[in-house]
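Notes follow once the structure below has been shown.
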Amino acid sequence: MQIEVRIDYSALGLKVGLECHQQLASREKLFCACGPQLFKEEPETTFLRRLRPTQSELGQVDPAAFFEFQKGVQILYEANRETACLVEMDEEPPHGLNREALEITLTVALMMGAKPVDEVHVMRKIVIDGSNTTGFQRTCAVAFDGVIDIEGKKIAIQHISLEEDAARKMGEEGFMIRYRIDRLGIPLIEVTTGPVIYTPEEAEKVALAIGRILRATRKVKRGLGTIRQDLNVSIRDGALIEIKGVQELDLIAKAVEYEVQRQLSLLKIKEELRKRGSTDAEITEGFVDATATLAESGCRIIRKAVSQGKLVLAVKLPKFAGLLGTELTLGLRLGTEMADRARFWGRVGGILHTDELLSYGSTEEEIHRLKTLVAAEAEDAVVLVVDAKENAVDALRAVVERAREALKGVPEETRAANADGTSRYMRPRPGAARMYPETDVPAIEITAEYVEQMRSCLPELPERQTERLIEAYGINEKLAKQLLDSEYGDLFEGIVKETGVSPTVVAATLTESLKALKRDGVEVEKLTENQITGIFRLVGSEKTAKEAIPEIVTWLSKHEDAEPSDAVKALGLATISKEELESIIDGFIEKNETLIKEKGDKAFGALMGAVMKEFRGKVNAEIVNITLKEKLQAYTKQWGTR
Ligand SMILES: [Zn+2]
């Protein structure tokens with residue numbers, strides 16, 4: 001049973017810090033002239049590299065990457081000519097730092113009241129997960145100590161940096177990881193707040209406010225994947241957890257909430273283990289081969305794996321009975337956390353444990369035999385891994401380690417955001433990243449004159465933008481704010497000016513209508529700006545009605561590269577000409593003679609409804625309104641006043 005409890009976050013000592021990463025819309029990449037965009041086609045070239053962590057002077061290497069290196073993980077990089085050159089392939093040193101990207105970053109820094117550095121130095125931050133062909137990510141601090149105002153509270157912006165985006169992971173097959181280097185080198189701004197956010201809602205508000213300032217520059221990319229938020233979440237007695245890659249703003253509050261719940265639940269498990277007298281020493285790597293015992297298992301997964309010659313390896317977790325199946329937060333259990341670790345370190349599919357074996361088809365008798373085999377008591381749990389021996393051993397080692405950590409509470413780790421707001425284990429938390437100067441890129445001086453010159457022509461702040469939209473276009477405040485928060489804020493003014501469609505119609509379509517379509521599963525993000533503008537062009541020139549927009553958008557989302565006019569044709573949504581409309585209305589009036597004679601002008605509502613019902617999307621409601629009124633008046637006049 002789940003009981004809804006209002007959590008007092010300040011009592012828990014919740015602290016959240018945000019790192020917002022946003023791709024900049026510069027013409028080139030950060031260190032070369034390649035196009036900063038992604039490609040969808042098959043790659044033109046691929047090349048293979050091995051992970052090669054350089055341990056020597058670093059002292060600390062990412063243990064996860066080092067582990068993969070030892071296992072012989074290889075990386076296949078995919079590229080095409082337009083989006084990658086020798087720089088991304090690490091065959092040529094980086095060119096100078098992209099000045100346009102630096103200027104956008106400085107603009108944001110000044111809008112947040114931060115102090116720019118005197119000299120921008122490009123640094124190397126060691127990253128050895130293969131997401132960078134060089135083994136490091138280039139980054140440079142541009143400004144420090146900014147502040148933004150959230151409903152009267154000052155939120156400290158610790159620093160604003162400019163960095164290169166990493167390659168994007170395309171897949172993983174066995175010991176081969178595939179990365180596409182089109183994204184590698186796209187300029188990314190990083191805005192980092194202090195750990196001064198105290199509730200989930202506040203975290204979302206801060207992220208929203210930062211996003212608005214970024215978009216106000218009109219120099220940032222739009223669309224899913226172009227903005228990524230990392231959250232640093234901690235509560236008292238818990239641990240500092242970094243959650244990487246939250247892509248949707250409206251997931252931030254949820255992500256914080258779930259993480260707090262997860263940590264609280266882990267603390268409860270720790271208490272329970274303490275009560276049961278569990279100790280670190282009794283949790284051991286005493287792995288037992290349970291293949292023969294479970295060969296005829298009622299659990300299909302086990303039976304099938306055994307028939308394929310795989311091994312069933314078991315480990316006893318003393319005093320853990322009932323705890324592995326306890327829900328920590330939405331769908332996550334301690335068992336899930338162990339499975340994540342097993343998958344990561346052992347490359348196995350997952351784990352099975354005695355808290356859930358019954359529901360997977362195992363019999364009581366079979367579980368009893370298993371427990372006897374590993375000498376488990378009623379209070380103990382047993383975890384199983386089914387795989388080749390080497391993988392199974394690595395996986396169970398990770399499970400044992402996670403079990404020991406349960407005694408301490410919340411393990412420090414880096415987690416990756418899931419689409420539902422929960423998170424999963426990603427890797428151990430790396431030590432403080434050591435940085436080294438990138439000697440191939442000269443430093444850039446930022447003079448006081450340059451800063452003053454930039455300060456004198458900063459873009460409008462979001463509050464001012466809202467006011468201006470209201471004044472200039474007569475739209476209401478809600479719509480103006482929604483526009484600025486939407487993907488399409490920049491498009492709005494251009495569309496209104498070019499097509500002459502009513503600003504309120506354009507604004508409501510770009511925000512509410514598109515959002516509603518998205519909720520219904522229409523892949524609205526597939527439409528290009530040109531297609532969207534094209535739709536309004538048709539509406540503005542009365543080639544189709546505004547009521548037809550949702551259908552056109554839906555059709556275009558399924559027909560890449562098609563023109564809006566193709567949609568209108570295919571859907572039969574071309575507007576009916578004035579002459580046609582007149583004869584249609586004449587027809588309606590004739591058909592409804594009795595009604596009109598009875599009700600006179602009052603028949604208007606019924607007729608209007610009938611016409612719109614039959615011709616929605618093909619006629620403009622206002623024109624029907626006017627035409628019908630005129631015709632109806634003329635018609636009723638025939639009888640004069642009776
Ligand atoms: Zn390049």
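We name chains A, B, ... following the order of the structure tokens; residues begin at 1 in each chain, and ligands are numbered from 1 as shown.
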Check every protein, DNA and RNA residue against ligand 1, keep those with an atom at most 10 Å away (counting only C-alpha atoms and all ligand atoms), and present them as a ChimeraX atom specification.
-> /A:28-36,81-90,92,94-95,181-182,184-186
Output file for the residues above (C-alpha atoms, as a PDB file, in the first residue's frame):
```pdb
ATOM      1  CA  GLU A  28      30.570  25.953 -36.703  1.00  0.00           C
ATOM      2  CA  LYS A  29      31.776  23.529 -34.082  1.00  0.00           C
ATOM      3  CA  LEU A  30      33.905  24.654 -31.148  1.00  0.00           C
ATOM      4  CA  PHE A  31      37.337  23.752 -32.527  1.00  0.00           C
ATOM      5  CA  CYS A  32      36.826  23.218 -36.253  1.00  0.00           C
ATOM      6  CA  ALA A  33      34.656  24.395 -39.128  1.00  0.00           C
ATOM      7  CA  CYS A  34      32.432  21.314 -39.290  1.00  0.00           C
ATOM      8  CA  GLY A  35      28.672  21.723 -39.285  1.00  0.00           C
ATOM      9  CA  PRO A  36      27.281  21.475 -35.736  1.00  0.00           C
ATOM     10  CA  ARG A  81      32.195  14.324 -43.940  1.00  0.00           C
ATOM     11  CA  GLU A  82      29.820  17.164 -43.275  1.00  0.00           C
ATOM     12  CA  THR A  83      29.827  16.818 -39.501  1.00  0.00           C
ATOM     13  CA  ALA A  84      33.334  15.585 -38.704  1.00  0.00           C
ATOM     14  CA  CYS A  85      36.899  16.148 -39.843  1.00  0.00           C
ATOM     15  CA  LEU A  86      40.354  15.136 -38.659  1.00  0.00           C
ATOM     16  CA  VAL A  87      39.883  17.179 -35.479  1.00  0.00           C
ATOM     17  CA  GLU A  88      36.991  15.010 -34.265  1.00  0.00           C
ATOM     18  CA  MET A  89      38.961  11.929 -35.281  1.00  0.00           C
ATOM     19  CA  ASP A  90      41.884  13.129 -33.147  1.00  0.00           C
ATOM     20  CA  GLU A  92      44.736  16.777 -36.168  1.00  0.00           C
ATOM     21  CA  PRO A  94      42.062  21.530 -32.556  1.00  0.00           C
ATOM     22  CA  HIS A  95      41.811  24.871 -34.371  1.00  0.00           C
ATOM     23  CA  ILE A 181      31.018  11.772 -33.636  1.00  0.00           C
ATOM     24  CA  ASP A 182      28.649  14.216 -35.333  1.00  0.00           C
ATOM     25  CA  LEU A 184      31.351  15.677 -30.735  1.00  0.00           C
ATOM     26  CA  GLY A 185      32.597  19.264 -30.688  1.00  0.00           C
ATOM     27  CA  ILE A 186      29.220  21.016 -30.837  1.00  0.00           C
TER      28      ILE A 186
END
```
Write out as a compact mmCIF listing (two decimals) with N, CA and C atoms, in the first residue's frame the residues lying within 6 Å of Val246 in chain A, counting only C-alpha atoms and excluding same-chain residues fewer than 5 positions away.
```txt
# COMPACT_ATOMS: atom_id res chain seq x y z
N ARG A 228 20.30 19.55 -21.71
CA ARG A 228 20.37 18.42 -20.78
C ARG A 228 20.71 18.98 -19.40
N GLN A 229 19.97 18.51 -18.44
CA GLN A 229 20.19 18.99 -17.07
C GLN A 229 20.80 17.88 -16.24
N ALA A 417 19.35 9.59 -15.83
CA ALA A 417 17.91 9.83 -15.75
C ALA A 417 17.16 8.87 -16.67
```
A:Glu163, A:Glu337, A:Glu593, A:Glu563: which is nearest Val410 in chain A, counting only C-alpha atoms?
-> A:Glu337
10 Å contact set for Gly474 in chain A, only C-alpha atoms, chain neighbours under 6 positions out, as a ChimeraX atom specification | /A:468,480,502-504
Nearest to Glu257 in chain A, restricted to only C-alpha atoms and choosing among A:Ile75, A:Ala203, A:Leu370, A:Ala216, comes out as A:Ala203
Residues flagged alpha helix (DSSP H) by DSSP in range 158-382 of chain A, as a PyMOL selection string | chain A and resi 200-216+252-275+300-307+334-346+364-373
From a DSSP calculation on the backbone, collect every residue of range 64-252 of chain A in strand (DSSP E) and output the set as JSON, numbers by chain.
-> {"A": [74, 75, 76, 77, 78, 79, 115, 116, 119, 120, 123, 124, 125, 126, 136, 137, 138, 139, 140, 141, 142, 143, 144, 145, 146, 147, 148, 149, 150, 153, 154, 155, 156, 157, 158, 159, 160, 161, 162, 163, 164, 168, 169, 170, 171, 172, 173, 176, 177, 178, 179, 180, 187, 188, 189, 190, 191, 192, 193, 227, 228, 229, 230, 231, 232, 233, 234, 241, 242, 243, 244, 245, 246]}
